[in-house]
Structures are given as C-alpha cells and as structure tokens.
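Trainee: One file is attached below, my_file.cif, containing mmCIF, C-alpha atoms.
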data_coords
loop_
_atom_site.group_PDB
_atom_site.id
_atom_site.type_symbol
_atom_site.label_atom_id
_atom_site.label_comp_id
_atom_site.auth_asym_id
_atom_site.auth_seq_id
_atom_site.Cartn_x
_atom_site.Cartn_y
_atom_site.Cartn_z
ATOM 1 C CA MET A 275 3.708 -25.445 -28.859
ATOM 2 C CA LYS A 276 2.254 -28.468 -30.590
ATOM 3 C CA ILE A 277 0.076 -28.467 -33.675
ATOM 4 C CA TYR A 278 -2.078 -31.502 -34.412
ATOM 5 C CA VAL A 279 -3.278 -31.579 -38.016
ATOM 6 C CA ILE A 280 -6.345 -33.653 -38.811
ATOM 7 C CA ARG A 281 -7.865 -34.147 -42.235
ATOM 8 C CA HIS A 282 -11.667 -34.266 -42.228
ATOM 9 C CA GLY A 283 -13.561 -37.546 -42.345
ATOM 10 C CA GLU A 284 -14.646 -39.239 -45.541
ATOM 11 C CA THR A 285 -17.241 -37.686 -47.860
ATOM 12 C CA ASP A 286 -19.178 -39.133 -50.779
ATOM 13 C CA VAL A 287 -17.020 -37.027 -53.115
ATOM 14 C CA ASN A 288 -13.914 -38.780 -51.701
ATOM 15 C CA VAL A 289 -15.512 -42.181 -52.329
ATOM 16 C CA GLU A 290 -16.417 -41.145 -55.889
ATOM 17 C CA ASN A 291 -12.740 -40.260 -56.506
ATOM 18 C CA LYS A 292 -13.595 -36.667 -57.293
ATOM 19 C CA ILE A 293 -11.878 -33.408 -56.390
ATOM 20 C CA ASN A 294 -13.585 -31.991 -53.290
ATOM 21 C CA ALA A 295 -11.970 -28.529 -53.220
ATOM 22 C CA LEU A 296 -14.447 -25.879 -51.989
ATOM 23 C CA ASN A 297 -17.418 -28.193 -52.474
ATOM 24 C CA ASP A 298 -19.398 -27.954 -49.230
ATOM 25 C CA ASP A 299 -20.825 -31.456 -48.799
ATOM 26 C CA ASP A 300 -20.919 -32.980 -45.332
ATOM 27 C CA LEU A 301 -19.335 -36.186 -44.076
ATOM 28 C CA ASN A 302 -20.863 -39.474 -45.113
ATOM 29 C CA GLU A 303 -21.709 -42.110 -42.484
ATOM 30 C CA ASN A 304 -18.228 -43.635 -42.653
ATOM 31 C CA GLY A 305 -16.656 -40.170 -42.280
ATOM 32 C CA ALA A 306 -18.724 -39.461 -39.171
ATOM 33 C CA ASN A 307 -17.676 -42.830 -37.738
ATOM 34 C CA GLN A 308 -14.014 -42.039 -38.501
ATOM 35 C CA ALA A 309 -14.286 -38.764 -36.559
ATOM 36 C CA LYS A 310 -16.029 -40.487 -33.636
ATOM 37 C CA ALA A 311 -13.272 -43.118 -33.521
ATOM 38 C CA LEU A 312 -10.608 -40.393 -33.603
ATOM 39 C CA ARG A 313 -12.258 -38.785 -30.569
ATOM 40 C CA LYS A 314 -10.789 -41.580 -28.414
ATOM 41 C CA ILE A 315 -7.288 -40.549 -29.483
ATOM 42 C CA VAL A 316 -8.000 -36.819 -29.201
ATOM 43 C CA GLU A 317 -9.199 -37.163 -25.603
ATOM 44 C CA LYS A 318 -5.629 -38.161 -24.666
ATOM 45 C CA ILE A 319 -4.127 -35.058 -26.332
ATOM 46 C CA ASP A 320 -3.375 -31.933 -24.349
ATOM 47 C CA TYR A 321 -4.967 -29.263 -26.563
ATOM 48 C CA ASP A 322 -6.289 -25.797 -25.792
ATOM 49 C CA PHE A 323 -8.690 -25.298 -28.708
ATOM 50 C CA ILE A 324 -9.429 -26.284 -32.288
ATOM 51 C CA ILE A 325 -9.139 -24.184 -35.421
ATOM 52 C CA SER A 326 -11.097 -25.565 -38.356
ATOM 53 C CA SER A 327 -11.789 -24.799 -41.954
ATOM 54 C CA PRO A 328 -15.356 -23.426 -42.183
ATOM 55 C CA LEU A 329 -16.562 -26.047 -44.688
ATOM 56 C CA ARG A 330 -19.211 -28.485 -43.434
ATOM 57 C CA ARG A 331 -17.047 -31.589 -43.637
ATOM 58 C CA THR A 332 -14.356 -30.039 -41.434
ATOM 59 C CA LYS A 333 -16.783 -28.357 -39.020
ATOM 60 C CA HIS A 334 -18.593 -31.649 -38.512
ATOM 61 C CA THR A 335 -15.306 -33.525 -38.030
ATOM 62 C CA ALA A 336 -14.134 -30.941 -35.473
ATOM 63 C CA GLU A 337 -17.406 -31.161 -33.530
ATOM 64 C CA LEU A 338 -17.355 -34.970 -33.434
ATOM 65 C CA LEU A 339 -13.733 -35.310 -32.291
ATOM 66 C CA ASN A 340 -13.737 -32.448 -29.756
ATOM 67 C CA ALA A 341 -13.493 -34.780 -26.753
ATOM 68 C CA LYS A 342 -12.869 -31.967 -24.250
ATOM 69 C CA GLU A 343 -15.579 -29.721 -25.693
ATOM 70 C CA LEU A 344 -13.129 -26.835 -25.960
ATOM 71 C CA PRO A 345 -13.698 -23.848 -28.274
ATOM 72 C CA ILE A 346 -13.696 -24.382 -32.038
ATOM 73 C CA TYR A 347 -12.702 -21.385 -34.157
ATOM 74 C CA PHE A 348 -13.079 -21.188 -37.909
ATOM 75 C CA ASN A 349 -10.504 -19.709 -40.245
ATOM 76 C CA GLU A 350 -10.909 -19.355 -44.000
ATOM 77 C CA ARG A 351 -7.174 -19.743 -44.563
ATOM 78 C CA LEU A 352 -7.682 -23.433 -43.724
ATOM 79 C CA LEU A 353 -10.079 -23.853 -46.665
ATOM 80 C CA GLU A 354 -9.076 -26.466 -49.202
ATOM 81 C CA ARG A 355 -7.299 -25.415 -52.379
ATOM 82 C CA ASP A 356 -9.795 -23.819 -54.765
ATOM 83 C CA ALA A 357 -10.000 -26.125 -57.776
ATOM 84 C CA GLY A 358 -12.163 -23.753 -59.798
ATOM 85 C CA LYS A 359 -13.851 -25.583 -62.686
ATOM 86 C CA TYR A 360 -12.204 -28.857 -61.567
ATOM 87 C CA THR A 361 -14.305 -28.976 -58.379
ATOM 88 C CA LYS A 362 -16.124 -32.345 -58.283
ATOM 89 C CA ALA A 363 -14.351 -33.466 -61.462
ATOM 90 C CA LEU A 364 -13.040 -37.017 -61.484
ATOM 91 C CA ILE A 365 -9.495 -37.132 -60.154
ATOM 92 C CA SER A 366 -8.619 -39.230 -63.207
ATOM 93 C CA SER A 367 -9.464 -36.222 -65.413
ATOM 94 C CA ILE A 368 -6.288 -34.416 -64.293
ATOM 95 C CA ASN A 369 -2.642 -35.369 -64.069
ATOM 96 C CA ARG A 370 -2.363 -35.664 -60.261
ATOM 97 C CA ASP A 371 1.403 -35.288 -60.232
ATOM 98 C CA ASP A 372 1.202 -32.110 -62.291
ATOM 99 C CA TRP A 373 -1.759 -30.812 -60.239
ATOM 100 C CA TRP A 374 0.318 -30.937 -57.036
ATOM 101 C CA ARG A 375 3.536 -29.610 -58.556
ATOM 102 C CA ILE A 376 4.936 -26.191 -57.557
ATOM 103 C CA ASN A 377 5.569 -25.453 -61.237
ATOM 104 C CA PRO A 378 2.941 -27.427 -63.161
ATOM 105 C CA LYS A 379 3.270 -27.976 -66.888
ATOM 106 C CA GLU A 380 -0.438 -27.411 -67.452
ATOM 107 C CA ASP A 381 -2.307 -24.166 -66.748
ATOM 108 C CA TYR A 382 -5.224 -24.997 -64.452
ATOM 109 C CA GLU A 383 -6.931 -21.695 -65.282
ATOM 110 C CA ASP A 384 -9.043 -20.559 -62.330
ATOM 111 C CA ALA A 385 -7.673 -23.075 -59.809
ATOM 112 C CA GLU A 386 -5.579 -21.796 -56.907
ATOM 113 C CA THR A 387 -1.897 -22.475 -57.503
ATOM 114 C CA VAL A 388 0.117 -24.714 -55.221
ATOM 115 C CA LYS A 389 2.441 -21.756 -54.592
ATOM 116 C CA ASN A 390 -0.477 -19.626 -53.408
ATOM 117 C CA LEU A 391 -1.754 -22.423 -51.151
ATOM 118 C CA ILE A 392 1.685 -22.767 -49.551
ATOM 119 C CA LEU A 393 1.970 -19.000 -49.017
ATOM 120 C CA ARG A 394 -1.520 -18.838 -47.473
ATOM 121 C CA ILE A 395 -0.704 -21.625 -45.024
ATOM 122 C CA GLU A 396 2.742 -20.220 -44.236
ATOM 123 C CA GLU A 397 1.143 -16.877 -43.334
ATOM 124 C CA PHE A 398 -1.447 -18.623 -41.149
ATOM 125 C CA LEU A 399 1.133 -20.750 -39.301
ATOM 126 C CA ASN A 400 3.463 -17.790 -38.758
ATOM 127 C CA GLU A 401 0.565 -15.864 -37.238
ATOM 128 C CA ILE A 402 -0.548 -18.603 -34.845
ATOM 129 C CA LYS A 403 3.078 -19.239 -33.849
ATOM 130 C CA ILE A 404 3.227 -15.679 -32.491
ATOM 131 C CA LYS A 405 -0.342 -15.331 -31.259
ATOM 132 C CA TYR A 406 -0.629 -18.708 -29.494
ATOM 133 C CA GLN A 407 2.970 -19.597 -28.662
ATOM 134 C CA ASP A 408 2.063 -21.251 -25.342
ATOM 135 C CA LYS A 409 -0.904 -23.245 -26.678
ATOM 136 C CA ASN A 410 -1.408 -26.668 -28.221
ATOM 137 C CA ILE A 411 -3.796 -26.498 -31.149
ATOM 138 C CA ILE A 412 -5.724 -28.973 -33.259
ATOM 139 C CA LEU A 413 -6.212 -27.919 -36.872
ATOM 140 C CA VAL A 414 -9.041 -29.638 -38.735
ATOM 141 C CA THR A 415 -8.565 -29.148 -42.414
ATOM 142 C CA HIS A 416 -8.214 -30.764 -45.838
ATOM 143 C CA GLY A 417 -5.808 -32.993 -47.731
ATOM 144 C CA GLY A 418 -4.334 -30.190 -49.825
ATOM 145 C CA VAL A 419 -3.908 -27.879 -46.854
ATOM 146 C CA SER A 420 -2.210 -30.656 -44.907
ATOM 147 C CA LYS A 421 0.280 -30.979 -47.786
ATOM 148 C CA ALA A 422 1.086 -27.261 -47.468
ATOM 149 C CA ILE A 423 1.411 -27.586 -43.676
ATOM 150 C CA ARG A 424 3.845 -30.442 -44.135
ATOM 151 C CA CYS A 425 5.876 -28.263 -46.535
ATOM 152 C CA TYR A 426 6.088 -25.668 -43.760
ATOM 153 C CA PHE A 427 7.618 -28.175 -41.359
ATOM 154 C CA GLU A 428 9.540 -30.497 -43.691
ATOM 155 C CA GLY A 429 10.172 -28.347 -46.752
ATOM 156 C CA ILE A 430 8.960 -28.624 -50.303
ATOM 157 C CA PRO A 431 9.862 -31.994 -51.827
ATOM 158 C CA GLU A 432 12.978 -31.791 -54.003
ATOM 159 C CA ASP A 433 11.015 -32.491 -57.190
ATOM 160 C CA GLY A 434 8.394 -29.852 -56.276
ATOM 161 C CA ASN A 435 5.578 -32.414 -56.153
ATOM 162 C CA LEU A 436 3.495 -32.223 -52.967
ATOM 163 C CA ARG A 437 1.533 -35.356 -53.847
ATOM 164 C CA VAL A 438 3.980 -37.447 -51.795
ATOM 165 C CA TYR A 439 2.620 -35.719 -48.664
ATOM 166 C CA LYS A 440 -0.515 -37.862 -48.460
ATOM 167 C CA HIS A 441 -2.860 -37.426 -45.503
ATOM 168 C CA ASP A 442 -5.722 -39.910 -45.049
ATOM 169 C CA ASN A 443 -9.201 -39.033 -43.811
ATOM 170 C CA CYS A 444 -9.179 -38.523 -40.024
ATOM 171 C CA GLU A 445 -5.464 -39.179 -39.833
ATOM 172 C CA ILE A 446 -3.664 -37.052 -37.249
ATOM 173 C CA LYS A 447 -0.166 -35.630 -37.676
ATOM 174 C CA GLU A 448 1.760 -33.894 -34.902
ATOM 175 C CA TYR A 449 4.214 -31.018 -35.331
ATOM 176 C CA GLU A 450 6.262 -28.908 -32.947
ATOM 177 C CA LEU A 451 6.003 -25.194 -33.672
#
What would the structure in this file look like if it were written as structure tokens?
Mentor:
Amino acid sequence: MKIYVIRHGETDVNVENKINALNDDDLNENGANQAKALRKIVEKIDYDFIISSPLRRTKHTAELLNAKELPIYFNERLLERDAGKYTKALISSINRDDWWRINPKEDYEDAETVKNLILRIEEFLNEIKIKYQDKNIILVTHGGVSKAIRCYFEGIPEDGNLRVYKHDNCEIKEYEL
C-alpha cells in the first residue's frame, strides 16, 4: 500500500506569511496552476482514490490534480492544525520553532497542540492501513498535517521540533504503509 501526501496549492494567506490553520480561503491563481502542473505527475501514479481535507484549498487542489477522475472522499481528520486565535496572524508573531515543538515553552491557549495533531493523524493512518490495505491512496492535506504524517513514518525529530519536516505547496511525498 502506498500513500502519496500532497500539500494544497498556494493561497493568498501563504503569500502574506500568515497562519492558514482552519481559515477556509481558496487557492490563488498560482496555487491553481501548481495543482494543474502536479496533475501531469499524478496521472503517472497508480492510485485508487483520493482522501482530502474538507477545506476549500484542499478540495480545489484535489479536484485539479485528479488526473484519473477517481473518487475524492473528505475526512475532517485531515484538517489543518487549529490555530485558534492565531489563525491568519502573521507567522512572525509567533516563535515558529516553539509553535511546532512537542513540548512548547509557550502556552498557545486555544490552539490544537502538536501532540493532539500527531495522535489524530496516527489514528487516521492506522485506520486506513486496515481498511484499505490493498489500495494506493493520495492524501491532499496541509503543511502541519504533513508534518504529523512524516512523524508517523519517520518518527518525531529528536529535539521534538516538527518544523524540520517542511512540505511545500503542491509537493508530493510517497510513503509505504
């Protein structure tokens, strides 16, 4: 079973260097073009279906890159990390290393913890591993979720900081499950 993880295309919030989180803006023109370009790569992949986060930017990315026009399913566990009051705040307003640390020094109040994000994604991946063991799946999701997915396959970085697991817009990563 192969899992292909794709981060959504670019949004205006990405360009503005803000925290997207559960903000539900769509792709910008460049993001749509990124997804269309990725379609050429996806058409060479043997996949059975796509599972996407239900936010507009991921739905739109999934629709644009679905070269084989196979089913797209939506799963809320693939939603981006909830940033609470930090949603759409400038990234420079937080300590990015601390924000992505398993045990942050600062209390980010109503934001979802990194630990919770990892547990949510671990539960999701364990479920699809059993339910779809003979399938190849594309997951269209977010930067934070892709960090948690990478932790599942490669482990949590020794220093507990997931920030090193960067995933660019419309970049594809392949894992064996």
Trainee: Under the rule that only C-alpha atoms are counted, which of A:Leu451, A:Val388, A:Lys276, A:Ile293 is the nearest residue to A:Ile365?
Mentor: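 Closest residue, counting only C-alpha atoms: A:Ile293.
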Trainee: Counting all atoms listed in the file, write as a VMD selection string all protein and nucleic acid residues lying at most 10 Å from (-10.3, -28.7, -60.9) in the file's frame.
Mentor: chain A and resid 292 to 295 355 to 365 367 to 368 373 382 to 386
Trainee: Okay, now the selection with C-alpha atoms, as a compact mmCIF listing (two decimals), in the coordinates of the input?
Mentor:
# COMPACT_ATOMS: atom_id res chain seq x y z
CA LYS A 292 -13.60 -36.67 -57.29
CA ILE A 293 -11.88 -33.41 -56.39
CA ASN A 294 -13.58 -31.99 -53.29
CA ALA A 295 -11.97 -28.53 -53.22
CA ARG A 355 -7.30 -25.42 -52.38
CA ASP A 356 -9.80 -23.82 -54.76
CA ALA A 357 -10.00 -26.12 -57.78
CA GLY A 358 -12.16 -23.75 -59.80
CA LYS A 359 -13.85 -25.58 -62.69
CA TYR A 360 -12.20 -28.86 -61.57
CA THR A 361 -14.30 -28.98 -58.38
CA LYS A 362 -16.12 -32.34 -58.28
CA ALA A 363 -14.35 -33.47 -61.46
CA LEU A 364 -13.04 -37.02 -61.48
CA ILE A 365 -9.49 -37.13 -60.15
CA SER A 367 -9.46 -36.22 -65.41
CA ILE A 368 -6.29 -34.42 -64.29
CA TRP A 373 -1.76 -30.81 -60.24
CA TYR A 382 -5.22 -25.00 -64.45
CA GLU A 383 -6.93 -21.70 -65.28
CA ASP A 384 -9.04 -20.56 -62.33
CA ALA A 385 -7.67 -23.08 -59.81
CA GLU A 386 -5.58 -21.80 -56.91
Trainee: Please determine, counting only C-alpha atoms, which residue among A:Ala311, A:Ile412, A:Ala336, A:Ile392 has the shortest atom-to-atom distance to A:Ile277.
Mentor: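 The closest residue to A:Ile277 is A:Ile412.
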Trainee: Could you check which of A:Arg375, A:His416, A:Arg394, A:Lys405 is closest to A:Ser326, using all atoms listed in the file?
Mentor: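 Result for the nearest residue to A:Ser326: A:His416.
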Trainee: Grab the atom CA of A:Ser327 to atom CA of A:Lys314 distance for me, in Å with one decimal place.
Mentor: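 According to the coordinates, atom CA of A:Ser327 and atom CA of A:Lys314 are separated by 21.6 Å.
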Trainee: Quick one: of A:Asn340, A:Asn435, A:Asn377, A:Asn349, who's nearest to A:Arg313, counting only C-alpha atoms?
Mentor: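 Distance minimum relative to A:Arg313 lands on A:Asn340.
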Trainee: Between atom CA of A:Thr285 and atom CA of A:Glu303, what is the spacing in Å?
Mentor: 8.3 Å
Trainee: Which residues, named as in the file, does the PyMOL selection byres ((chain A and resi 426) around 12) pick out? Answer as a list in words.
Mentor: Leu391, Ile392, Leu393, Arg394, Ile395, Glu396, Glu397, Phe398, Leu399, Asn400, Val419, Ser420, Lys421, Ala422, Ile423, Arg424, Cys425, Phe427, Glu428, Gly429, Ile430, Pro431, Leu436, Tyr439, Tyr449, Glu450 and Leu451 of chain A
Trainee: Write the residues of the selection above to a file with C-alpha atoms, as an mmCIF file, in the frame of the given file.
Mentor:
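So the final result, stored in again-v2.cif, reads:
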data_model
loop_
_atom_site.group_PDB
_atom_site.id
_atom_site.type_symbol
_atom_site.label_atom_id
_atom_site.label_comp_id
_atom_site.auth_asym_id
_atom_site.auth_seq_id
_atom_site.Cartn_x
_atom_site.Cartn_y
_atom_site.Cartn_z
ATOM 1 C CA LEU A 391 -1.754 -22.423 -51.151
ATOM 2 C CA ILE A 392 1.685 -22.767 -49.551
ATOM 3 C CA LEU A 393 1.970 -19.000 -49.017
ATOM 4 C CA ARG A 394 -1.520 -18.838 -47.473
ATOM 5 C CA ILE A 395 -0.704 -21.625 -45.024
ATOM 6 C CA GLU A 396 2.742 -20.220 -44.236
ATOM 7 C CA GLU A 397 1.143 -16.877 -43.334
ATOM 8 C CA PHE A 398 -1.447 -18.623 -41.149
ATOM 9 C CA LEU A 399 1.133 -20.750 -39.301
ATOM 10 C CA ASN A 400 3.463 -17.790 -38.758
ATOM 11 C CA VAL A 419 -3.908 -27.879 -46.854
ATOM 12 C CA SER A 420 -2.210 -30.656 -44.907
ATOM 13 C CA LYS A 421 0.280 -30.979 -47.786
ATOM 14 C CA ALA A 422 1.086 -27.261 -47.468
ATOM 15 C CA ILE A 423 1.411 -27.586 -43.676
ATOM 16 C CA ARG A 424 3.845 -30.442 -44.135
ATOM 17 C CA CYS A 425 5.876 -28.263 -46.535
ATOM 18 C CA PHE A 427 7.618 -28.175 -41.359
ATOM 19 C CA GLU A 428 9.540 -30.497 -43.691
ATOM 20 C CA GLY A 429 10.172 -28.347 -46.752
ATOM 21 C CA ILE A 430 8.960 -28.624 -50.303
ATOM 22 C CA PRO A 431 9.862 -31.994 -51.827
ATOM 23 C CA LEU A 436 3.495 -32.223 -52.967
ATOM 24 C CA TYR A 439 2.620 -35.719 -48.664
ATOM 25 C CA TYR A 449 4.214 -31.018 -35.331
ATOM 26 C CA GLU A 450 6.262 -28.908 -32.947
ATOM 27 C CA LEU A 451 6.003 -25.194 -33.672
#
Trainee: In Å to one decimal, how far is atom CA of A:His334 from atom CA of A:Gly305?
Mentor: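 Value for the atom CA of A:Gly305-atom CA of A:His334 distance: 9.5 Å.
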Trainee: Restricting the calculation to all atoms listed in the file: of A:Ala341, A:Ile280, A:Leu301, A:Leu312, which residue gets closest to A:Leu329?
Mentor: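 Smallest distance to A:Leu329 is found for A:Leu301.
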Trainee: For each of A:Met275, A:Leu338, A:Val414, A:Leu296, take the minimum atom-to-atom distance to A:Ile324, counting all atoms listed in the file, then give the residue where this is smallest.
Mentor: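 For A:Ile324, the nearest of the candidates is A:Val414.
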Trainee: Please check which residues have atoms at most 7 Å from (-6.2, -37.3, -39.6) in the file's coordinates, counting all atoms listed in the file, and write them as a ChimeraX atom specification.
Mentor: /A:279-282,441-447
